[in-house]
Amino acid sequence: IREFPFLMAAKEIRARLKAAKAAVGKKDFHEVRKLCQEVFSVDESNYTAHVFAGLAELELGQPREAGHHYRTAIGLQPGEQLAWKGLADFYDKHAPSNRGEREEAVEAYQKLLTFVQSDPPKLRSTLKKLTDVHKTLGNCSQAVACYSHLLATYHHGDAPPTDTEPLGELWVEVTEYLLEQEPAVLTEDTWEMLERGLAAVVESPAVSESVKRDVRAKYIQKTFDKFTHHSTRDGQLEERLRKECHALIGQDPTHLSSLVVLARLTLIDTLIELPKMESHSFRVEGSQWPSLFRSLSPEGGEGAGAGASGLVCLGQAIVCGGEGRWKDAGEMVIRGVSLSPELTEGWLLATLIHLHLCDFPAAQQEAIHGLTIVDKAPAFVRKEFENQLKLCLAQAYLGVKGKDSIEKALTLLNELFQVTSHESHVTTQLVRAHLLQGNVSRAEELVKGLQAKCGSGSHAVLGLEGELSLAQRDYQKALELFTSALESQPTCADCHFARGRVLWETPGGDRVQAYSVFLQAAKLHPFNPDIFLHIGHYQKLVTKDLRRAVKCYQKATELQPSHMEAAVALGDALFTLGDEEAAFKVYTRVASVVPQAEAKQAWVRMGLYQRKSGLYSEAIKSFQNALAANLSDRHCWECLGEAYLARGSHNSALRAFAKAVELDPRSLYCLYQIASIKQVLGQLKEAVSEYTAVLELEPSYVPALKGRGENHLLLARLALRENFDGRAVDHVSLALSDLTRAAGLRPQFTCLWKLIGDCCVALCDVAPQVARPSVPKVLRGQSTSSSLECDVIEKRELLLIGCRAYGRALQLSPDSAFLWHDLAASYYHLGKSGSGAGRAGGAGRAGGGTVEDFHTALNAAKKAVSLQTQDPTHWNMLGIIAARPEVDNSALAQHAFIMSIQVESNNVVAWANLGTLYMKHGNIKLTASLPVSTAKKSQQWRLRMRLPQLLIPTPFFSRAISWPTRRSATPSRWSPASCRPGSGRPWWPRASDTPTPWISSDTARSWPTILRAALATATGCATLSAQLIPS
């Protein structure tokens, strides 16, 4: 048979199979494999051989071959039980590793079920295996069906099950499996199965109490998840959920999950209604909250779990708000959202509480964050919470009252109005936003629409009509409306405050009564900073008690640190009290918490303080920050220009004032500053044009008249330096015309009279036939004539007018040394130009002038020296006048020049004048030696200092003193003290003394012309020195 296997008869095959069966009984699976292989060599489609071979391979650890034989057998005879049972046993020992094997296992178990229906233990075992495979495949519905079939095996008709313990465990398994599924996976049938399982577990005596609590807690959480995923609120499901929560609390009062779910349900119910109320009327029926959160309180120790603590804080915040402890509520809600940041309800509650506390920046941040996580809110309130958060965000923007904030609020409110126009609180906020923006007409339309919906007598409509009337300045109507609104709701703080505003703003209104109303509003809503701001205004303006006003303003800023108006009022009050540093700190603090675009007032005041304190660069930055909020504010550009001007940045200041003029072409101050800056920059002609533009707008603007007159004077001096005498005369005429008009308008201004005198003296060195300016008749004493009428006058009369102008200035400022100096110079030039007009007989005149004029000049110079002894120019002027022949007080002149040198040792003008004085009196040796020591100190004056030396005859100069070289020492030791009058060594010859000739007779005879020229030039040097004196 081995050589010819095909000769094996059927009888032999049966014998081999019988032997294989016997080997299976003996567990000799190697023999089974051998026998089956012999059968396969004859008949490969033998069903029994494949079954035995599968069993042998399975026992010998060859699952792959075992599975192949079972599948082959099933393919040969699908209706036979052995192969299916073998395949099922195969999957019992070797769990399916992929989806294909699992599906094959499902098929095997399902086929096997048809063979074990009459055997309950085998049926339950097969159903349990089939259920497990369905669970691994994720076939929830099929698994539930298997569980249902399995549960049915424990019931026999209407009789109760006898085996309760396995049944209870099975229900626990079924329920826990369903509780592990996602809410979207659970169908209505599976959810019904879950509820049946929960009831069975709870009622089963075989299930422990701890297991019952865990299953019920999981069911509560699963039910809550399903409840929150519904787009509409399921009342029956919510009722079932609350029932189970209370049942679990009855079993375990400290169980967290039931308390948390119940708390979230209560919190959601509370928040749905809160935003519809006014913020100051935020009240919650708190009777259920204390009992609900007592065991969950953070102070309750072990009762509070980490997952529930955030929600507990939120509940405690509601309790605190219901009891009026709003600050505690604010602290608790901040803790709540930090511990449970995923709760949209928490962020909404935090926004509402901070709106009540008037902390609008915090409310803005919380509302914005809540909108970012609104998708995590329960589905049936998601849209509601989103709208409420947007409404709260709009209210927070309106509370800030900035321009940009109002725009943002309007955008949000218009969006809400499109979808929730039936809700009055949205319309209320939209009306207030339009009133803040100044759009009264649109606000009136909205009020009429709300009146049509809610009726004219409702509290909300009366309040909005009152605010509209207040914006329209119809104070009587507004007062009546707010009074009617208070009759319907006496505890409305907003209506009390609005009524107080009406009484405050009414012209001639009773501000004392307004103060009483403000106090009542403060009692009802002690967190509104606007109320304390107006109470502070009352203390400041009515009772004149700035210190109490400061306390009220401080209260307002404490309640809302970003309240710009309160911070500015506080800073201004502190500034008035003299506490400028504290005021600056207030401005700085509010500018740091308020957006830059809305802190303009604080930046401007900071800049003004910094400019006053000399911090010009910081002031410039502050004004630039203020301009960032509004580039079209002319006043900010003016302040910036002043700061640049104070720092010395004239070009930048010019651009700033030019921008201000661009915004307001009729701004006299800015136009004047532009002209003034151009004058400083030396752009005199452009400055005259700018002053002219100012005077075209305001002909009697004294600063512009003065400025244009001063510019004409400067142009005249410039023309004189360039030897354009006629042009200088024209400019002096124009200057006198403008300055005379200015002096007529403001005769008490000293500077105007001084400038008139400067104009008159400016032409002192111009030839008399040229120096004939046009002068207003008023300056000539013709007071009856119009100031616009002018006469052409002579030079001497012009100088007389200058003397009178300086005299008028000295009447206003008698202690001004410079004015006395100018008066002395004016009389000095008048004396030089004397013609005998108006003088008796001409007696007493010498050298072309009048003795009286020079003596007047001398007295004026002495007065200047007595008022200001440390100014070298006054001493120099005194010396020049004393050296005049008409005065002929050489000792005084020498003393004056020496004092000028002592005050300022490097005073080259005084040195030159002293040298000229010595040469004029014939002391040529001192004349030659004086400038030597000074020449090294001032190289630019060397030529002018050596002028007296150049006038000395060369023979004597070479014999008497050598010209100093760079290495030579000073040829003579000379000090001013050695020749000071009273020093004991006077050099002036007395009348009884015979003067000693300083030059030999031969030399004198050889140089008569040179000496005459030297003496003539000495007078010219004195004149030159006089020109160097600044007037």
# chains A, B, ... in the order shown; residues from 1 in each chain; ligands from 1
$ residues_around --residues "region 482-487 of chain A" --least-positions-apart "4" --cutoff "10 Å" --atoms "only C-alpha atoms" --output "list in words"
Gly457, Ser458, His459, Ala460, Val461, Leu462, Gly463, Leu464, Glu465, Gly466, Glu467, Lys477, Ala478, Thr491, Cys492, Ala493, Asp494, Cys495, His496, Phe497, Ala498, Arg499, Gly500 and Val502 of chain A
$ residues_around --residues "Tyr219 (chain A)" --least-positions-apart "3" --cutoff "9 Å" --atoms "only C-alpha atoms" --output "PDB file with N, CA, C and O atoms, in the first residue's frame"
ATOM      1  N   THR A 175     -23.173  47.472  31.606  1.00  0.00           N
ATOM      2  CA  THR A 175     -23.303  48.923  31.881  1.00  0.00           C
ATOM      3  C   THR A 175     -21.965  49.633  31.746  1.00  0.00           C
ATOM      4  O   THR A 175     -21.881  50.727  31.155  1.00  0.00           O
ATOM      5  N   GLU A 176     -20.923  49.052  32.303  1.00  0.00           N
ATOM      6  CA  GLU A 176     -19.611  49.695  32.207  1.00  0.00           C
ATOM      7  C   GLU A 176     -19.141  49.773  30.759  1.00  0.00           C
ATOM      8  O   GLU A 176     -18.504  50.756  30.349  1.00  0.00           O
ATOM      9  N   LEU A 179     -20.982  52.611  29.192  1.00  0.00           N
ATOM     10  CA  LEU A 179     -20.518  53.895  29.718  1.00  0.00           C
ATOM     11  C   LEU A 179     -19.166  54.300  29.137  1.00  0.00           C
ATOM     12  O   LEU A 179     -18.821  55.487  29.164  1.00  0.00           O
ATOM     13  N   LEU A 194     -28.563  50.967  28.377  1.00  0.00           N
ATOM     14  CA  LEU A 194     -27.755  51.519  29.463  1.00  0.00           C
ATOM     15  C   LEU A 194     -28.625  51.828  30.675  1.00  0.00           C
ATOM     16  O   LEU A 194     -28.247  51.527  31.820  1.00  0.00           O
ATOM     17  N   GLU A 195     -29.765  52.418  30.463  1.00  0.00           N
ATOM     18  CA  GLU A 195     -30.630  52.763  31.580  1.00  0.00           C
ATOM     19  C   GLU A 195     -31.170  51.486  32.255  1.00  0.00           C
ATOM     20  O   GLU A 195     -31.295  51.438  33.495  1.00  0.00           O
ATOM     21  N   LEU A 198     -28.317  50.227  34.359  1.00  0.00           N
ATOM     22  CA  LEU A 198     -28.146  50.970  35.607  1.00  0.00           C
ATOM     23  C   LEU A 198     -29.193  50.546  36.631  1.00  0.00           C
ATOM     24  O   LEU A 198     -28.869  50.334  37.812  1.00  0.00           O
ATOM     25  N   ASP A 214     -19.948  53.646  41.870  1.00  0.00           N
ATOM     26  CA  ASP A 214     -19.077  53.934  40.726  1.00  0.00           C
ATOM     27  C   ASP A 214     -19.854  53.901  39.418  1.00  0.00           C
ATOM     28  O   ASP A 214     -19.668  54.774  38.562  1.00  0.00           O
ATOM     29  N   VAL A 215     -20.719  52.879  39.278  1.00  0.00           N
ATOM     30  CA  VAL A 215     -21.513  52.790  38.045  1.00  0.00           C
ATOM     31  C   VAL A 215     -22.438  53.987  37.921  1.00  0.00           C
ATOM     32  O   VAL A 215     -22.582  54.584  36.859  1.00  0.00           O
ATOM     33  N   ARG A 216     -23.062  54.385  39.012  1.00  0.00           N
ATOM     34  CA  ARG A 216     -23.981  55.529  38.974  1.00  0.00           C
ATOM     35  C   ARG A 216     -23.229  56.835  38.681  1.00  0.00           C
ATOM     36  O   ARG A 216     -23.709  57.688  37.920  1.00  0.00           O
ATOM     37  N   LYS A 222     -21.740  60.327  31.970  1.00  0.00           N
ATOM     38  CA  LYS A 222     -22.105  60.012  30.593  1.00  0.00           C
ATOM     39  C   LYS A 222     -23.385  60.736  30.191  1.00  0.00           C
ATOM     40  O   LYS A 222     -23.500  61.263  29.080  1.00  0.00           O
ATOM     41  N   THR A 223     -24.326  60.776  31.087  1.00  0.00           N
ATOM     42  CA  THR A 223     -25.579  61.467  30.795  1.00  0.00           C
ATOM     43  C   THR A 223     -25.352  62.962  30.630  1.00  0.00           C
ATOM     44  O   THR A 223     -25.951  63.599  29.747  1.00  0.00           O
ATOM     45  N   PHE A 224     -24.474  63.515  31.459  1.00  0.00           N
ATOM     46  CA  PHE A 224     -24.186  64.948  31.333  1.00  0.00           C
ATOM     47  C   PHE A 224     -23.495  65.245  30.001  1.00  0.00           C
ATOM     48  O   PHE A 224     -23.778  66.265  29.353  1.00  0.00           O
ATOM     49  N   LEU A 241     -31.056  63.238  34.873  1.00  0.00           N
ATOM     50  CA  LEU A 241     -29.703  63.529  35.367  1.00  0.00           C
ATOM     51  C   LEU A 241     -29.755  64.096  36.778  1.00  0.00           C
ATOM     52  O   LEU A 241     -28.999  63.680  37.674  1.00  0.00           O
ATOM     53  N   GLU A 244     -30.617  61.326  39.318  1.00  0.00           N
ATOM     54  CA  GLU A 244     -29.505  60.453  39.661  1.00  0.00           C
ATOM     55  C   GLU A 244     -28.475  61.169  40.530  1.00  0.00           C
ATOM     56  O   GLU A 244     -27.867  60.569  41.419  1.00  0.00           O
TER      57      GLU A 244
END
$ residues_around --residues "Ser890 (chain A)" --least-positions-apart "5" --cutoff "9 Å" --atoms "only C-alpha atoms" --output "PyMOL selection string"
chain A and resi 879+882-884+895+917+921+988
$ atom_distance --atom1 "CA of Gly75 (chain A)" --atom2 "CA of Pro121 (chain A)"
28.0 Å
$ select_by_dssp --residues "region 594-729 of chain A" --states "helix (DSSP H, G or I)" --output "number ranges by chain"
A: 596-598, 600-612, 616-629, 634-647, 650-663, 668-680, 684-697, 702-721, 725-729
$ atom_distance --atom1 "CA of Leu684 (chain A)" --atom2 "CA of Arg708 (chain A)"
9.2 Å
$ residues_around --residues "Val512 (chain A)" --least-positions-apart "3" --cutoff "12 Å" --atoms "only C-alpha atoms" --output "ChimeraX atom specification"
/A:500-501,503-504,508-509,515-519,534-535,537-539,541-543
$ write_last_selection --atoms "all heavy atoms" --output "short mmCIF file (atom, residue, chain, number, x, y, z; two decimals), in the first residue's frame"
data_model
loop_
_atom_site.label_atom_id
_atom_site.label_comp_id
_atom_site.auth_asym_id
_atom_site.auth_seq_id
_atom_site.Cartn_x
_atom_site.Cartn_y
_atom_site.Cartn_z
N GLY A 500 -28.68 112.68 39.07
CA GLY A 500 -27.71 113.62 39.64
C GLY A 500 -26.96 114.39 38.57
O GLY A 500 -26.68 115.58 38.72
N ARG A 501 -26.62 113.73 37.47
CA ARG A 501 -25.94 114.41 36.37
C ARG A 501 -26.80 115.51 35.78
O ARG A 501 -26.32 116.59 35.42
CB ARG A 501 -25.57 113.41 35.27
CG ARG A 501 -24.35 112.55 35.58
CD ARG A 501 -24.03 111.66 34.41
NE ARG A 501 -23.83 112.46 33.20
CZ ARG A 501 -23.93 111.98 31.96
NH1 ARG A 501 -24.26 110.72 31.78
NH2 ARG A 501 -23.72 112.77 30.93
N LEU A 503 -29.13 117.24 37.34
CA LEU A 503 -29.12 118.37 38.28
C LEU A 503 -27.78 119.09 38.25
O LEU A 503 -27.72 120.31 38.41
CB LEU A 503 -29.40 117.85 39.69
CG LEU A 503 -30.81 117.28 39.94
CD1 LEU A 503 -30.87 116.61 41.30
CD2 LEU A 503 -31.86 118.38 39.82
N TRP A 504 -26.69 118.37 38.04
CA TRP A 504 -25.36 118.97 38.02
C TRP A 504 -25.14 119.81 36.76
O TRP A 504 -24.55 120.89 36.82
CB TRP A 504 -24.32 117.86 38.12
CG TRP A 504 -22.90 118.35 38.10
CD1 TRP A 504 -22.08 118.48 37.03
CD2 TRP A 504 -22.16 118.82 39.23
NE1 TRP A 504 -20.86 118.98 37.42
CE2 TRP A 504 -20.88 119.20 38.76
CE3 TRP A 504 -22.45 118.95 40.59
CZ2 TRP A 504 -19.90 119.69 39.61
CZ3 TRP A 504 -21.46 119.45 41.43
CH2 TRP A 504 -20.21 119.81 40.94
N GLY A 508 -27.51 126.71 36.30
CA GLY A 508 -28.16 127.24 37.49
C GLY A 508 -28.86 126.19 38.31
O GLY A 508 -29.70 126.52 39.16
N GLY A 509 -28.55 124.91 38.07
CA GLY A 509 -29.19 123.84 38.80
C GLY A 509 -28.73 123.75 40.24
O GLY A 509 -27.74 124.37 40.65
N TYR A 515 -25.50 116.63 44.65
CA TYR A 515 -24.57 115.95 45.54
C TYR A 515 -25.26 114.89 46.38
O TYR A 515 -24.76 113.78 46.55
CB TYR A 515 -23.89 117.00 46.42
CG TYR A 515 -23.01 116.45 47.51
CD1 TYR A 515 -21.84 115.77 47.20
CD2 TYR A 515 -23.35 116.61 48.84
CE1 TYR A 515 -21.02 115.26 48.21
CE2 TYR A 515 -22.55 116.11 49.86
CZ TYR A 515 -21.40 115.44 49.53
OH TYR A 515 -20.60 114.93 50.53
N SER A 516 -26.45 115.20 46.88
CA SER A 516 -27.21 114.23 47.67
C SER A 516 -27.60 113.02 46.82
O SER A 516 -27.54 111.87 47.30
CB SER A 516 -28.47 114.89 48.24
OG SER A 516 -28.14 116.00 49.05
N VAL A 517 -27.97 113.27 45.58
CA VAL A 517 -28.33 112.16 44.69
C VAL A 517 -27.11 111.31 44.39
O VAL A 517 -27.19 110.07 44.34
CB VAL A 517 -28.95 112.71 43.39
CG1 VAL A 517 -29.25 111.57 42.41
CG2 VAL A 517 -30.24 113.46 43.70
N PHE A 518 -25.96 111.94 44.21
CA PHE A 518 -24.73 111.18 43.97
C PHE A 518 -24.40 110.28 45.16
O PHE A 518 -23.97 109.12 44.99
CB PHE A 518 -23.56 112.13 43.70
CG PHE A 518 -23.63 112.82 42.37
CD1 PHE A 518 -23.16 114.11 42.21
CD2 PHE A 518 -24.17 112.18 41.27
CE1 PHE A 518 -23.22 114.75 41.00
CE2 PHE A 518 -24.23 112.81 40.04
CZ PHE A 518 -23.76 114.09 39.91
N LEU A 519 -24.60 110.78 46.36
CA LEU A 519 -24.33 109.97 47.55
C LEU A 519 -25.26 108.76 47.61
O LEU A 519 -24.83 107.65 47.98
CB LEU A 519 -24.50 110.83 48.81
CG LEU A 519 -23.45 111.92 49.04
CD1 LEU A 519 -23.78 112.71 50.31
CD2 LEU A 519 -22.06 111.33 49.15
N HIS A 534 -17.87 112.65 40.17
CA HIS A 534 -18.75 113.82 40.29
C HIS A 534 -18.82 114.32 41.73
O HIS A 534 -18.96 115.54 41.96
CB HIS A 534 -20.15 113.47 39.78
CG HIS A 534 -20.24 113.45 38.28
ND1 HIS A 534 -19.74 112.42 37.51
CD2 HIS A 534 -20.76 114.36 37.41
CE1 HIS A 534 -19.97 112.68 36.24
NE2 HIS A 534 -20.57 113.84 36.15
N ILE A 535 -18.72 113.41 42.70
CA ILE A 535 -18.65 113.88 44.09
C ILE A 535 -17.38 114.71 44.29
O ILE A 535 -17.39 115.74 44.98
CB ILE A 535 -18.70 112.69 45.05
CG1 ILE A 535 -20.05 111.98 44.96
CG2 ILE A 535 -18.44 113.14 46.48
CD1 ILE A 535 -20.16 110.72 45.81
N HIS A 537 -15.93 116.46 41.94
CA HIS A 537 -16.19 117.76 41.29
C HIS A 537 -16.97 118.68 42.22
O HIS A 537 -16.70 119.90 42.27
CB HIS A 537 -16.99 117.54 40.00
CG HIS A 537 -16.18 116.88 38.91
ND1 HIS A 537 -14.81 116.88 38.90
CD2 HIS A 537 -16.58 116.21 37.78
CE1 HIS A 537 -14.38 116.23 37.84
NE2 HIS A 537 -15.42 115.82 37.14
N TYR A 538 -17.90 118.11 42.95
CA TYR A 538 -18.67 118.93 43.89
C TYR A 538 -17.75 119.51 44.97
O TYR A 538 -17.83 120.70 45.29
CB TYR A 538 -19.79 118.09 44.52
CG TYR A 538 -20.53 118.79 45.63
CD1 TYR A 538 -21.56 119.69 45.36
CD2 TYR A 538 -20.19 118.59 46.97
CE1 TYR A 538 -22.23 120.34 46.37
CE2 TYR A 538 -20.86 119.23 47.99
CZ TYR A 538 -21.87 120.11 47.68
OH TYR A 538 -22.53 120.77 48.69
N GLN A 539 -16.88 118.68 45.53
CA GLN A 539 -15.97 119.17 46.56
C GLN A 539 -15.01 120.22 46.01
O GLN A 539 -14.64 121.17 46.71
CB GLN A 539 -15.17 118.00 47.15
CG GLN A 539 -16.03 116.93 47.81
CD GLN A 539 -16.70 117.40 49.08
OE1 GLN A 539 -16.37 118.46 49.61
NE2 GLN A 539 -17.66 116.63 49.57
N LEU A 541 -15.50 122.25 43.16
CA LEU A 541 -16.09 123.45 42.56
C LEU A 541 -17.08 124.15 43.48
O LEU A 541 -17.24 125.37 43.38
CB LEU A 541 -16.80 123.07 41.26
CG LEU A 541 -15.91 122.45 40.18
CD1 LEU A 541 -16.74 122.02 38.99
CD2 LEU A 541 -14.82 123.41 39.75
N VAL A 542 -17.74 123.41 44.35
CA VAL A 542 -18.79 124.01 45.18
C VAL A 542 -18.25 124.33 46.57
O VAL A 542 -18.28 125.47 47.03
CB VAL A 542 -20.02 123.09 45.26
CG1 VAL A 542 -21.09 123.71 46.16
CG2 VAL A 542 -20.59 122.85 43.87
N THR A 543 -17.73 123.31 47.25
CA THR A 543 -17.22 123.56 48.60
C THR A 543 -15.80 124.09 48.61
O THR A 543 -15.31 124.50 49.66
CB THR A 543 -17.27 122.26 49.42
OG1 THR A 543 -16.38 121.29 48.83
CG2 THR A 543 -18.68 121.68 49.44
#
$ residues_around --residues "region 132-141 of chain A" --least-positions-apart "3" --cutoff "9 Å" --atoms "only C-alpha atoms" --output "ChimeraX atom specification"
/A:96,99,102-103,105-106,127-129,144-146,177-178,181,185-187,189-190
$ atom_distance --atom1 "CA of His68 (chain A)" --atom2 "CA of Ser45 (chain A)"
12.9 Å
